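J.: Following this message is one structure expressed as structure tokens.
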Amino acid sequence: MKLEAPDNFLGPYLTKKGKDSVEISEITGIPINSVRKMRSGETKAIPAIELYKISLFTKDLINQLLKEVYPNLKLDSIDKVVSSKIRADSTELGKIIFSLEDYDLSNLAYKTGIERDRLLRLTKLDSSKIQSHELYLIELASDKEPGELFANLFKDVTL
């Protein structure tokens, strides 16, 4: 069963901050139509890189933005499995996933609700392909601080 993107509160967050969609688009490079769809809730699955750019734009730490945008996001399970192998053909995102204390994809899938096949694809895809709720769930499942993997993965992203 595919994990459906959860409801998010990006629209109310941006409204509370008094941030205009046009300005967000101009500064971040996110297409205006995408900003408007994310803001209205029409787009539920927000690309992680775009949410990170929005955090840079609002000058809020990503961990605070995550907590406000996904206040109800929880893990399916909190059980742990420990391993430390990293595959040679992994992308930067894959290396992050595989370096987690409990990188076992089956365990990570069980805890997050993200399909194992999706996690495996993410280990081979460019980091711009992961959705913000997926990366946040991975952070929660790996006992990372909210925003820690965002900051690591997107450390070279600037506005």
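Chains: A, B, ... in order of the structure tokens. Residues: from 1 per chain. Ligands: from 1, in order shown.
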Excluding stretch 118-123 of chain A and residues on its chain fewer than 4 positions from it, collect all residues at most 9 Å away from it, counting only C-alpha atoms, and give them as a PyMOL selection string.

T.: chain A and resi 2+87+89-98+105+108-109+114+127+129-130

J.: Which residues are close to A:Glu23, i.e. within 10 Å by only C-alpha atoms, leaving aside same-chain residues fewer than 5 positions away? Reply as JSON, numbers by chain.

T.: {"A": [28, 29, 32, 57]}

J.: Can those selected residues be exported to a file as a tab-separated table (two decimals), in the first residue's frame so that it contains N, CA, C and O atoms?

T.:
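New file out-v2.tsv:
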chain	number	residue	atom	x	y	z
A	28	THR	N	12.70	31.95	-4.49
A	28	THR	CA	13.11	30.54	-4.39
A	28	THR	C	13.29	29.85	-5.73
A	28	THR	O	13.94	28.82	-5.81
A	29	GLY	N	12.67	30.40	-6.77
A	29	GLY	CA	12.73	29.75	-8.08
A	29	GLY	C	11.67	28.66	-8.24
A	29	GLY	O	11.63	27.97	-9.26
A	32	ILE	N	5.43	29.71	-9.72
A	32	ILE	CA	4.32	30.33	-9.01
A	32	ILE	C	3.12	29.40	-8.90
A	32	ILE	O	2.46	29.32	-7.86
A	57	PHE	N	13.69	31.01	2.67
A	57	PHE	CA	12.98	32.24	2.33
A	57	PHE	C	12.36	32.89	3.58
A	57	PHE	O	12.48	34.09	3.79

J.: Hey, which of A:Asn63, A:Leu10, A:Gly113, A:Lys74 ends up closest to A:Lys144? Count only C-alpha atoms.

T.: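 Counting only C-alpha atoms, the residue closest to A:Lys144 is A:Asn63.
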
J.: Could you check how far atom CA of A:Ala45 sits from atom CA of A:Gln64, in Å to one decimal?

T.: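 Distance between the two atoms: 18.6 Å.
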
J.: Using atom CA of A:His133 and atom CA of A:Asp76 as the two end points, give the distance in Å to one decimal.

T.: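 Spanning atom CA of A:His133 to atom CA of A:Asp76 is a straight-line distance of 13.4 Å.
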
J.: Go through A:Ser34, A:Ser106, A:Thr112, A:Gln131 one by one, measure the shortest atom-to-atom distance of each to A:Ile46 using only C-alpha atoms, and give the residue with the smallest value.

T.: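 The shortest atom-to-atom distance to A:Ile46 comes from A:Gln131.
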
J.: Report, in Å to a single decimal, how far apart atom CA of A:Asn72 and atom CA of A:Asn8 are.

T.: 8.7 Å

J.: List the spatial neighbours of A:Ile62 as a list in words - criterion: any atom at most 7 Å away, only C-alpha atoms, same-chain residues fewer than 6 positions off excluded.

T.: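 What passes the distance filter is Tyr52, Ser55 and Gly147 of chain A.
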
J.: Choose the residue, out of A:Thr58, A:Leu73, A:Ser128, A:Lys44, that has the smallest atom-to-atom separation from A:Lys17; count only C-alpha atoms.

T.: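 Closest to A:Lys17 of all the choices is A:Thr58.
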
J.: Give the answer as one residue: which of A:Leu137, A:Lys67, A:Met38, A:Ser132 has the shortest atom-to-atom distance to A:Leu51, using only C-alpha atoms?

T.: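 Selected residue with least distance to A:Leu51: A:Ser132.
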
J.: Kindly indicate which residue among A:Ala151, A:Lys53, A:Pro71, A:Glu134 lies nearest to A:Glu26, using only C-alpha atoms for the distances.

T.: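 The shortest atom-to-atom distance to A:Glu26 comes from A:Lys53.
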
J.: Go through A:Leu135, A:Ala141, A:Ile54, A:Ala5 one by one, measure the shortest atom-to-atom distance of each to A:Asp20 using only C-alpha atoms, and give the residue with the smallest value.

T.: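 So, comparing all the options, the nearest one is A:Ile54.
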